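Asker: Provided herewith: input_2.tsv, TSV, C-alpha atoms.
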```tsv
chain	number	residue	atom	x	y	z
S	15	MET	CA	-13.95	-68.81	204.74
S	16	GLU	CA	-13.84	-65.51	206.64
S	17	ARG	CA	-10.34	-65.01	205.31
S	18	TYR	CA	-11.38	-64.98	201.66
S	19	GLN	CA	-15.04	-64.03	201.61
S	20	ARG	CA	-14.63	-60.27	201.33
S	21	ARG	CA	-12.33	-60.49	198.33
S	22	VAL	CA	-14.38	-63.23	196.68
S	23	VAL	CA	-17.38	-60.94	196.89
S	24	GLY	CA	-15.15	-58.14	195.56
S	25	VAL	CA	-14.13	-60.19	192.53
S	26	ALA	CA	-17.75	-61.11	191.76
S	27	LEU	CA	-18.80	-57.52	192.31
S	28	ALA	CA	-16.10	-56.29	189.94
S	29	VAL	CA	-17.69	-58.31	187.16
S	30	VAL	CA	-21.43	-58.21	187.76
S	31	HIS	CA	-21.56	-54.83	189.48
S	32	ASN	CA	-24.60	-55.76	191.53
S	33	GLN	CA	-24.30	-56.41	195.24
S	34	ASP	CA	-27.03	-59.05	195.57
S	35	ASP	CA	-25.83	-60.96	192.53
S	36	ALA	CA	-22.24	-60.70	193.79
S	37	LEU	CA	-23.15	-62.13	197.21
S	38	GLU	CA	-25.07	-64.97	195.60
S	39	LEU	CA	-22.18	-65.71	193.26
S	40	ALA	CA	-19.69	-65.56	196.13
S	41	GLN	CA	-21.72	-68.18	198.03
S	42	GLU	CA	-21.83	-70.31	194.91
S	43	THR	CA	-18.05	-69.88	194.61
S	44	PHE	CA	-17.45	-71.44	198.03
S	45	VAL	CA	-19.90	-74.25	197.31
S	46	ARG	CA	-18.13	-75.01	194.01
S	47	ALA	CA	-14.76	-74.83	195.74
S	48	PHE	CA	-15.98	-77.33	198.35
S	49	GLU	CA	-17.24	-79.67	195.66
S	50	ASN	CA	-14.02	-79.46	193.64
S	51	LEU	CA	-11.48	-79.29	196.44
S	52	SER	CA	-9.96	-82.57	195.29
S	53	LYS	CA	-9.22	-80.99	191.91
S	54	PHE	CA	-7.16	-78.18	193.40
S	55	GLU	CA	-3.63	-78.93	192.28
S	56	SER	CA	-1.61	-76.24	194.06
S	57	ARG	CA	-0.30	-74.92	190.75
S	58	SER	CA	-1.57	-71.54	191.87
S	59	SER	CA	-2.30	-70.35	195.37
S	60	PHE	CA	-5.58	-71.38	196.94
S	61	SER	CA	-6.79	-67.79	196.98
S	62	THR	CA	-6.10	-67.35	193.26
S	63	TRP	CA	-7.95	-70.61	192.55
S	64	LEU	CA	-10.88	-69.38	194.61
S	65	TYR	CA	-10.94	-65.93	192.94
S	66	ARG	CA	-10.76	-67.61	189.54
S	67	ILE	CA	-13.86	-69.64	190.32
S	68	ALA	CA	-15.58	-66.44	191.42
S	69	ALA	CA	-14.53	-64.59	188.26
S	70	ASN	CA	-15.63	-67.44	185.98
S	71	LEU	CA	-18.99	-67.75	187.69
S	72	ALA	CA	-19.50	-64.00	187.52
S	73	ILE	CA	-18.54	-63.74	183.85
S	74	ASP	CA	-20.79	-66.72	182.99
S	75	PHE	CA	-23.59	-65.10	184.95
S	76	TRP	CA	-23.11	-61.83	183.14
S	77	ARG	CA	-23.09	-63.49	179.72
S	78	ARG	CA	-26.14	-65.57	180.60
S	79	GLU	CA	-27.96	-62.46	181.60
S	80	GLY	CA	-26.97	-60.89	178.24
S	81	ARG	CA	-26.74	-57.39	179.57
S	82	HIS	CA	-23.86	-56.19	177.48
S	83	VAL	CA	-22.02	-56.52	174.17
S	84	VAL	CA	-18.44	-57.67	174.71
S	85	LEU	CA	-15.79	-56.02	172.58
S	86	HIS	CA	-12.50	-57.76	171.86
S	87	GLY	CA	-9.19	-56.77	170.30
S	88	GLU	CA	-9.54	-54.41	167.37
S	89	ASP	CA	-13.18	-53.61	168.13
S	90	ALA	CA	-12.20	-52.50	171.59
S	91	GLU	CA	-9.35	-50.37	170.23
S	92	ASN	CA	-11.72	-48.77	167.73
S	93	GLU	CA	-14.08	-47.99	170.55
S	94	ILE	CA	-11.25	-46.22	172.38
S	95	SER	CA	-10.36	-44.16	169.33
S	96	ARG	CA	-13.95	-42.97	169.02
S	97	LEU	CA	-13.99	-41.69	172.57
S	98	PRO	CA	-13.66	-37.90	172.97
S	99	THR	CA	-10.35	-36.74	174.42
S	100	SER	CA	-9.32	-33.65	176.26
S	101	ARG	CA	-6.54	-32.51	178.55
S	102	GLY	CA	-6.00	-34.02	182.00
S	103	ASP	CA	-6.94	-33.49	185.66
S	104	SER	CA	-10.37	-32.28	184.79
S	105	PHE	CA	-12.57	-33.91	187.45
S	106	LYS	CA	-12.11	-31.23	190.05
S	107	GLU	CA	-14.95	-29.05	188.93
S	108	VAL	CA	-17.52	-31.84	189.03
S	109	SER	CA	-19.50	-32.16	192.26
S	110	ARG	CA	-18.79	-35.33	194.24
S	111	SER	CA	-22.33	-36.69	194.10
S	112	GLU	CA	-22.63	-36.08	190.39
S	113	LEU	CA	-19.25	-37.62	189.82
S	114	SER	CA	-20.11	-40.68	191.88
S	115	ALA	CA	-23.39	-41.18	190.04
S	116	ARG	CA	-21.74	-40.75	186.66
S	117	LEU	CA	-18.87	-43.02	187.61
S	118	LYS	CA	-21.26	-45.79	188.61
S	119	GLN	CA	-23.10	-45.36	185.35
S	120	ALA	CA	-19.82	-45.36	183.42
S	121	LEU	CA	-18.83	-48.60	185.10
S	122	GLU	CA	-22.14	-50.11	184.00
S	123	GLU	CA	-21.31	-49.18	180.45
S	124	LEU	CA	-18.05	-51.14	180.51
S	125	THR	CA	-17.94	-54.79	179.50
S	126	PRO	CA	-17.59	-57.17	182.46
S	127	GLU	CA	-14.02	-57.96	181.37
S	128	HIS	CA	-13.00	-54.31	181.36
S	129	ARG	CA	-14.87	-53.49	184.53
S	130	ALA	CA	-13.35	-56.52	186.23
S	131	VAL	CA	-9.76	-55.53	185.49
S	132	ILE	CA	-10.12	-51.95	186.63
S	133	LEU	CA	-12.01	-52.83	189.81
S	134	LEU	CA	-9.70	-55.69	190.66
S	135	ARG	CA	-6.78	-53.30	190.22
S	136	GLU	CA	-8.15	-50.14	191.83
S	137	VAL	CA	-10.52	-51.50	194.49
S	138	GLU	CA	-9.09	-54.93	195.29
S	139	GLY	CA	-5.49	-53.79	194.77
S	140	MET	CA	-4.49	-56.86	192.78
S	141	SER	CA	-1.28	-56.89	190.76
S	142	TYR	CA	-1.40	-57.42	186.99
S	143	ASP	CA	-0.12	-60.97	187.47
S	144	GLU	CA	-2.85	-61.74	189.99
S	145	ILE	CA	-5.51	-60.33	187.68
S	146	SER	CA	-4.02	-62.37	184.85
S	147	ASP	CA	-4.28	-65.53	186.98
S	148	VAL	CA	-7.78	-64.85	188.18
S	149	LEU	CA	-9.23	-63.87	184.82
S	150	GLN	CA	-7.07	-66.41	182.97
S	151	CYS	CA	-5.85	-64.04	180.34
S	152	PRO	CA	-2.32	-62.87	179.40
S	153	ARG	CA	-0.71	-60.03	181.29
S	154	GLY	CA	-0.68	-57.95	178.10
S	155	THR	CA	-4.45	-58.34	177.85
S	156	VAL	CA	-4.77	-57.11	181.43
S	157	MET	CA	-2.71	-54.04	180.51
S	158	SER	CA	-4.69	-53.28	177.37
S	159	ARG	CA	-8.04	-53.79	179.12
S	160	LEU	CA	-6.94	-51.50	181.91
S	161	HIS	CA	-5.87	-48.89	179.40
S	162	TYR	CA	-9.22	-49.13	177.65
S	163	ALA	CA	-11.20	-48.97	180.87
S	164	ARG	CA	-9.26	-46.02	182.24
S	165	THR	CA	-9.48	-44.08	179.01
S	166	HIS	CA	-13.20	-44.81	178.76
S	167	LEU	CA	-13.99	-43.77	182.31
S	168	ARG	CA	-11.76	-40.73	182.17
S	169	ASN	CA	-13.35	-39.44	179.01
S	170	ILE	CA	-16.89	-40.00	180.25
S	171	LEU	CA	-16.09	-38.12	183.41
S	172	LYS	CA	-14.46	-35.34	181.43
S	173	ASP	CA	-17.67	-35.08	179.41
S	174	VAL	CA	-19.56	-34.65	182.67
S	175	ALA	CA	-17.10	-31.95	183.71
S	176	GLY	CA	-17.37	-30.28	180.29
S	177	SER	CA	-21.16	-30.21	180.36
E	27	MET	CA	11.65	-38.10	173.25
E	28	ALA	CA	8.98	-40.82	172.99
E	29	GLU	CA	5.64	-39.89	171.43
E	30	CYS	CA	2.63	-39.21	173.68
E	31	GLY	CA	0.67	-42.05	172.01
E	32	GLU	CA	3.37	-44.56	172.83
E	33	ILE	CA	3.77	-43.30	176.40
E	34	GLY	CA	-0.02	-43.06	176.85
E	35	MET	CA	-0.31	-46.85	176.56
E	36	MET	CA	2.11	-47.18	179.46
E	37	LEU	CA	0.77	-44.46	181.73
E	38	GLY	CA	-1.65	-46.70	183.63
E	39	ALA	CA	1.02	-49.32	184.19
E	40	PHE	CA	3.39	-46.55	185.28
E	41	GLU	CA	0.78	-45.42	187.82
E	42	ASP	CA	0.51	-49.03	189.01
E	43	SER	CA	4.32	-49.51	189.11
E	44	GLU	CA	3.93	-52.50	186.82
E	45	LEU	CA	6.49	-51.52	184.15
E	46	GLU	CA	10.03	-52.77	183.72
E	47	PRO	CA	12.65	-50.47	185.28
E	48	ASN	CA	13.79	-49.13	181.91
E	49	GLU	CA	10.17	-48.42	180.91
E	50	MET	CA	9.51	-46.67	184.21
E	51	GLN	CA	12.53	-44.51	183.51
E	52	GLU	CA	11.37	-43.75	179.98
E	53	VAL	CA	7.86	-42.71	181.12
E	54	ALA	CA	9.26	-40.62	183.97
E	55	PHE	CA	11.57	-38.87	181.53
E	56	HIS	CA	8.62	-38.15	179.23
E	57	LEU	CA	6.39	-36.91	182.03
E	58	ALA	CA	9.01	-34.44	183.13
E	59	ARG	CA	8.55	-32.66	179.82
E	60	CYS	CA	4.91	-33.38	178.83
E	61	GLU	CA	2.10	-31.51	180.51
E	62	SER	CA	-0.63	-33.43	178.68
E	63	CYS	CA	0.55	-36.85	179.82
E	64	THR	CA	1.11	-35.53	183.35
E	65	GLY	CA	-2.55	-34.42	183.36
E	66	ILE	CA	-3.73	-37.82	182.16
E	67	LEU	CA	-1.68	-39.50	184.86
E	68	ALA	CA	-3.28	-37.21	187.48
E	69	ASP	CA	-6.71	-38.15	186.12
E	70	TYR	CA	-5.89	-41.86	186.48
E	71	SER	CA	-4.86	-41.29	190.04
E	72	THR	CA	-8.07	-39.38	190.79
E	73	LEU	CA	-10.10	-42.03	189.00
E	74	GLY	CA	-8.60	-44.73	191.22
E	75	ARG	CA	-9.47	-42.81	194.38
E	76	ASP	CA	-13.02	-42.19	193.12
E	77	LEU	CA	-13.52	-45.84	192.27
E	78	ARG	CA	-12.41	-46.85	195.77
E	79	SER	CA	-14.70	-44.25	197.32
E	80	ILE	CA	-17.82	-45.53	195.54
E	81	ALA	CA	-17.03	-49.21	196.06
E	82	PRO	CA	-19.83	-50.69	198.19
E	83	GLU	CA	-19.01	-52.63	201.32
E	84	PRO	CA	-21.10	-55.77	200.91
E	85	PRO	CA	-22.94	-57.02	204.02
E	86	LEU	CA	-21.21	-60.23	205.04
E	87	ALA	CA	-23.15	-61.03	208.22
E	88	GLY	CA	-24.49	-64.55	207.93
E	89	PHE	CA	-22.48	-65.21	204.80
E	90	SER	CA	-20.56	-68.19	206.22
E	91	SER	CA	-23.66	-69.85	207.69
E	92	ALA	CA	-25.48	-69.43	204.37
E	93	VAL	CA	-22.62	-71.15	202.55
E	94	ILE	CA	-22.48	-73.96	205.12
E	95	ALA	CA	-26.25	-74.47	204.79
E	96	ARG	CA	-25.86	-74.74	201.03
E	97	VAL	CA	-23.00	-77.20	201.37
E	98	ASP	CA	-25.09	-79.32	203.77
E	99	ARG	CA	-27.88	-79.49	201.20
E	100	LEU	CA	-25.54	-80.87	198.53
E	101	PRO	CA	-26.25	-84.46	197.50
E	102	GLN	CA	-23.45	-86.60	198.82
E	103	PRO	CA	-21.72	-89.25	196.67
E	104	LEU	CA	-22.59	-92.85	197.57
E	105	LEU	CA	-19.15	-93.64	198.99
E	106	THR	CA	-19.24	-90.54	201.18
E	107	ARG	CA	-22.70	-91.47	202.45
E	108	ILE	CA	-21.56	-95.00	203.29
E	109	ALA	CA	-18.47	-93.69	205.03
E	110	ARG	CA	-20.56	-91.24	207.06
E	111	TYR	CA	-23.05	-93.96	208.02
E	112	LEU	CA	-20.25	-96.25	209.18
E	113	ARG	CA	-18.63	-93.43	211.13
E	114	ARG	CA	-21.95	-92.65	212.85
E	115	GLN	CA	-22.45	-96.31	213.73
E	116	ALA	CA	-18.92	-96.57	215.08
E	117	ASP	CA	-19.52	-93.45	217.13
E	118	SER	CA	-22.76	-94.79	218.62
E	119	VAL	CA	-21.24	-98.21	219.42
E	120	GLY	CA	-18.27	-96.52	221.00
E	121	ALA	CA	-20.57	-94.32	223.04
E	122	GLY	CA	-22.59	-97.37	224.14
E	123	LEU	CA	-19.45	-99.18	225.26
E	124	ALA	CA	-18.29	-96.14	227.15
E	125	TRP	CA	-21.63	-95.78	228.95
E	126	GLY	CA	-21.75	-99.48	229.74
E	127	GLY	CA	-18.22	-99.40	231.13
E	128	ALA	CA	-19.00	-96.36	233.24
E	129	ALA	CA	-22.17	-97.99	234.61
E	130	ALA	CA	-20.28	-101.19	235.49
E	131	ALA	CA	-17.54	-99.23	237.22
E	132	ILE	CA	-20.10	-97.27	239.24
E	133	ALA	CA	-21.88	-100.53	240.22
E	134	VAL	CA	-18.65	-102.19	241.39
E	135	LEU	CA	-17.64	-99.09	243.31
E	136	THR	CA	-21.06	-98.90	244.96
E	137	ILE	CA	-20.87	-102.56	246.03
E	138	ILE	CA	-17.39	-102.10	247.48
E	139	LEU	CA	-18.36	-98.98	249.38
E	140	MET	CA	-21.74	-100.18	250.60
E	141	THR	CA	-20.84	-103.71	251.74
E	142	PRO	CA	-19.73	-102.77	255.31
E	143	TYR	CA	-22.87	-100.69	255.79
E	144	ALA	CA	-25.01	-103.50	254.47
E	145	GLU	CA	-23.47	-105.93	256.92
E	146	GLN	CA	-23.98	-103.51	259.77
E	147	PHE	CA	-27.60	-103.05	258.73
E	148	ALA	CA	-28.13	-106.81	258.51
E	149	ASN	CA	-26.63	-107.35	261.98
E	150	ARG	CA	-29.40	-105.25	263.54
E	151	GLY	CA	-31.96	-108.01	262.90
E	152	PRO	CA	-33.09	-110.05	266.03
E	153	HIS	CA	-32.39	-113.41	264.44
E	154	SER	CA	-29.35	-112.69	262.40
E	155	ALA	CA	-26.61	-115.22	262.01
E	156	THR	CA	-24.21	-113.12	264.04
E	157	SER	CA	-26.65	-112.78	266.88
E	158	ILE	CA	-27.26	-116.54	266.87
E	159	VAL	CA	-23.53	-117.21	266.97
E	160	LYS	CA	-23.19	-114.73	269.77
E	161	ALA	CA	-26.09	-116.29	271.60
E	162	GLU	CA	-24.63	-119.74	271.09
E	163	HIS	CA	-21.34	-118.48	272.46
E	164	GLU	CA	-23.06	-117.06	275.50
E	165	ALA	CA	-25.12	-120.19	275.86
E	166	ALA	CA	-22.02	-122.33	275.66
E	167	MET	CA	-20.50	-120.25	278.41
E	168	ALA	CA	-23.64	-120.76	280.46
E	169	VAL	CA	-23.59	-124.50	279.75
E	170	ASN	CA	-19.99	-124.71	280.81
E	171	GLN	CA	-20.90	-122.89	283.93
E	172	VAL	CA	-23.77	-125.31	284.56
E	173	ALA	CA	-21.60	-128.31	283.66
E	174	GLY	CA	-18.90	-127.06	285.94
E	175	SER	CA	-21.34	-126.86	288.73
E	176	ALA	CA	-22.70	-130.35	287.89
E	177	THR	CA	-19.33	-131.97	288.41
E	178	SER	CA	-19.18	-130.57	291.88
E	179	GLU	CA	-21.48	-131.29	294.68
E	180	PRO	CA	-25.12	-130.42	294.08
E	181	THR	CA	-25.01	-127.66	296.50
E	182	MET	CA	-26.14	-124.13	296.59
E	183	ALA	CA	-24.52	-123.60	293.14
E	184	ASP	CA	-27.28	-125.57	291.38
E	185	ASN	CA	-29.82	-123.62	293.18
E	186	ASP	CA	-28.00	-120.45	292.20
E	187	SER	CA	-27.98	-121.50	288.52
E	188	HIS	CA	-31.67	-122.15	288.54
E	189	ALA	CA	-32.20	-118.88	290.28
E	190	ASP	CA	-30.12	-117.09	287.64
E	191	ILE	CA	-32.04	-118.75	284.78
E	192	SER	CA	-35.34	-117.86	286.37
E	193	ARG	CA	-34.17	-114.29	286.85
E	194	LEU	CA	-33.08	-114.10	283.20
E	195	GLU	CA	-36.39	-115.50	282.02
E	196	SER	CA	-38.34	-113.11	284.17
E	197	GLU	CA	-36.29	-110.10	283.06
E	198	ASN	CA	-36.38	-110.98	279.39
E	199	HIS	CA	-39.17	-112.92	277.81
E	200	SER	CA	-37.03	-113.67	274.77
E	201	VAL	CA	-34.69	-115.88	276.71
E	202	ALA	CA	-35.12	-119.50	275.78
E	203	VAL	CA	-33.95	-122.38	277.89
E	204	TRP	CA	-33.61	-126.02	276.89
E	205	SER	CA	-32.88	-128.60	279.44
E	206	GLU	CA	-31.42	-131.98	278.60
E	207	PRO	CA	-31.66	-133.89	281.88
E	208	ARG	CA	-30.19	-137.05	280.40
E	209	ARG	CA	-27.06	-135.24	279.45
E	210	ASP	CA	-27.18	-132.92	282.37
E	211	THR	CA	-27.16	-129.99	279.96
E	212	THR	CA	-29.09	-126.77	279.83
E	213	VAL	CA	-28.99	-124.51	276.76
E	214	ILE	CA	-29.81	-120.88	277.26
E	215	TRP	CA	-30.55	-118.73	274.23
E	216	LEU	CA	-30.05	-115.01	274.73
E	217	PRO	CA	-31.11	-112.48	272.10
E	218	ASP	CA	-28.94	-109.49	271.14
E	219	GLN	CA	-29.33	-106.51	273.33
E	220	PRO	CA	-30.47	-103.47	271.36
```
Give the structure from this file in structure tokens form.
Answerer:
Amino acid sequence: MERYQRRVVGVALAVVHNQDDALELAQETFVRAFENLSKFESRSSFSTWLYRIAANLAIDFWRREGRHVVLHGEDAENEISRLPTSRGDSFKEVSRSELSARLKQALEELTPEHRAVILLREVEGMSYDEISDVLQCPRGTVMSRLHYARTHLRNILKDVAGS
Amino acid sequence: MAECGEIGMMLGAFEDSELEPNEMQEVAFHLARCESCTGILADYSTLGRDLRSIAPEPPLAGFSSAVIARVDRLPQPLLTRIARYLRRQADSVGAGLAWGGAAAAIAVLTIILMTPYAEQFANRGPHSATSIVKAEHEAAMAVNQVAGSATSEPTMADNDSHADISRLESENHSVAVWSEPRRDTTVIWLPDQP
């Protein structure tokens, strides 16, 4: 359990973005894994199976809580196009504390799917294929969600820098 | 040269080294000539570092024990419960047999080791079988001595025997003497000397 617990919590945290909820969901993940161990078919690695349970539980939790509107496909692309754009490398002028606070807020504004992909990639260091396995979506979806999330976060932070 | 919009979709994957080799080459070629896309790529890199820096480190102390406690509270399927009950019973029977065997072994060992001491202890008694045998042996020797003297002339030897018996009786009140005049036999019983 010690081997996987940190990353299981990380996966849950990537989706729900709340430490207490993530810890609770991570515990539930191991309980579910214990209950369904006989159903594990070795088609994916054990860790991927475990992270998938964590991601599913976290996404279900998030949807149950109804904290956010989820955008898919064209809606998400439209949302990107409405975001303000400006030229790159613009975070340097923003103070660290302000940037951290704004970044946390910006993460809150993302859908759990978009937040999950960017945090799994940037914080957990997962490959696109691993993210695709864990979140059970095509690799192309992982790429487009990452693009959306990065563009969204970058533009919000640029707004902070601009103001 | 590829358009910025087209390359922009691939910039994140380029940063993550998740593109095909030809795509990596194409983006690198574009970046060498496009300041705007180079800036966006730098922002992505900074964004990644910032996200890692604000990531909380969740407290995991007691996590495993909490999970184990939750697993223990799960209702077990009937077959599992029966299997566990049988396993517990088998364990307790096995333990009982082991304890019983150990106790029996200790008892046998104790008997083997203590028997010589017990015999020695029993031999200290004044009327033990061994002492009686010994006394009988000594008495027989005395009888033989008396009988031997009887076959000879009733001389000073008879007188000596009587004198010896009297001396024994006077020295030790536990000495018992039976005389069988018809058979010309005297039995002398001597107790063990402490």
Asker: S:Val131, S:Ala69, S:Leu167, S:Val30: which is nearest chain E, counting all atoms listed in the file?
Answerer: S:Leu167
Asker: So that each row is one residue of chain E with an atom at most 12 Å from chain S, can you give its shortest atom pair and the distance in Å to one decimal, using all atoms listed in the file, rows by chain and rising number, as a tab-separated table?
Answerer:
```
residue	atom	partner	partner_atom	distance
E:Gly31	CA	S:Ser95	CA	11.5
E:Ile33	CA	S:His161	CA	11.5
E:Gly34	CA	S:His161	CA	8.6
E:Met35	CA	S:His161	CA	6.6
E:Met36	CA	S:His161	CA	8.2
E:Leu37	CA	S:His161	CA	8.3
E:Gly38	CA	S:His161	CA	6.4
E:Ala39	CA	S:Met157	CA	7.1
E:Phe40	CA	S:Met157	CA	10.8
E:Glu41	CA	S:Glu136	CA	10.9
E:Asp42	CA	S:Ser141	CA	8.2
E:Ser43	CA	S:Ser141	CA	9.4
E:Glu44	CA	S:Tyr142	CA	7.3
E:Leu45	CA	S:Met157	CA	10.2
E:Cys60	CA	S:Gly102	CA	11.4
E:Glu61	CA	S:Gly102	CA	8.6
E:Ser62	CA	S:Arg101	CA	6.0
E:Cys63	CA	S:Gly102	CA	7.5
E:Thr64	CA	S:Gly102	CA	7.4
E:Gly65	CA	S:Gly102	CA	3.7
E:Ile66	CA	S:Gly102	CA	4.4
E:Leu67	CA	S:Gly102	CA	7.5
E:Ala68	CA	S:Asp103	CA	5.5
E:Asp69	CA	S:Asp103	CA	4.7
E:Tyr70	CA	S:Arg164	CA	6.8
E:Ser71	CA	S:Asp103	CA	9.2
E:Thr72	CA	S:Phe105	CA	7.8
E:Leu73	CA	S:Arg168	CA	7.1
E:Gly74	CA	S:Glu136	CA	5.5
E:Arg75	CA	S:Glu136	CA	7.9
E:Asp76	CA	S:Ser114	CA	7.4
E:Leu77	CA	S:Val137	CA	6.8
E:Arg78	CA	S:Val137	CA	5.2
E:Ser79	CA	S:Ser114	CA	8.5
E:Ile80	CA	S:Ser114	CA	6.5
E:Ala81	CA	S:Val137	CA	7.1
E:Pro82	CA	S:Gln33	CA	7.8
E:Glu83	CA	S:Arg20	CA	8.8
E:Pro84	CA	S:Gln33	CA	6.5
E:Pro85	CA	S:Leu37	CA	8.5
E:Leu86	CA	S:Arg20	CA	7.6
E:Ala87	CA	S:Glu16	CA	10.5
E:Gly88	CA	S:Glu16	CA	10.8
E:Phe89	CA	S:Gln41	CA	7.4
E:Ser90	CA	S:Met15	CA	6.8
E:Ser91	CA	S:Gln41	CA	10.0
E:Ala92	CA	S:Gln41	CA	7.5
E:Val93	CA	S:Gln41	CA	5.5
E:Ile94	CA	S:Val45	CA	8.2
E:Ala95	CA	S:Val45	CA	9.8
E:Arg96	CA	S:Val45	CA	7.0
E:Val97	CA	S:Val45	CA	5.9
E:Asp98	CA	S:Val45	CA	9.7
E:Arg99	CA	S:Val45	CA	10.3
E:Leu100	CA	S:Val45	CA	8.8
E:Pro101	CA	S:Glu49	CA	10.4
E:Gln102	CA	S:Glu49	CA	9.8
E:Pro103	CA	S:Glu49	CA	10.6
```
Asker: So which residues fall inside 12 Å of (9.7, -39.7, 171.0) if we count all atoms listed in the file? Mind giving them as a PyMOL selection string?
Answerer: chain E and resi 27-34+52-53+55-57+59-60
Asker: Using Å and a single decimal, report how far atom CA of Arg17 of chain S sits from atom CA of Ile67 of chain S.
Answerer: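 Separating atom CA of Ile67 of chain S from atom CA of Arg17 of chain S is a distance of 16.1 Å.
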Asker: Which is closer to Ile170 of chain S than all the others in S:Val29, S:Leu124, S:Val156, S:Val148, using only C-alpha atoms?
Answerer: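 Looking at the shortest contact to Ile170 of chain S, the residue is S:Leu124.
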Asker: What does the distance from atom CA of Trp76 of chain S to atom CA of Thr125 of chain S come to in Å, to one decimal?
Answerer: 9.5 Å
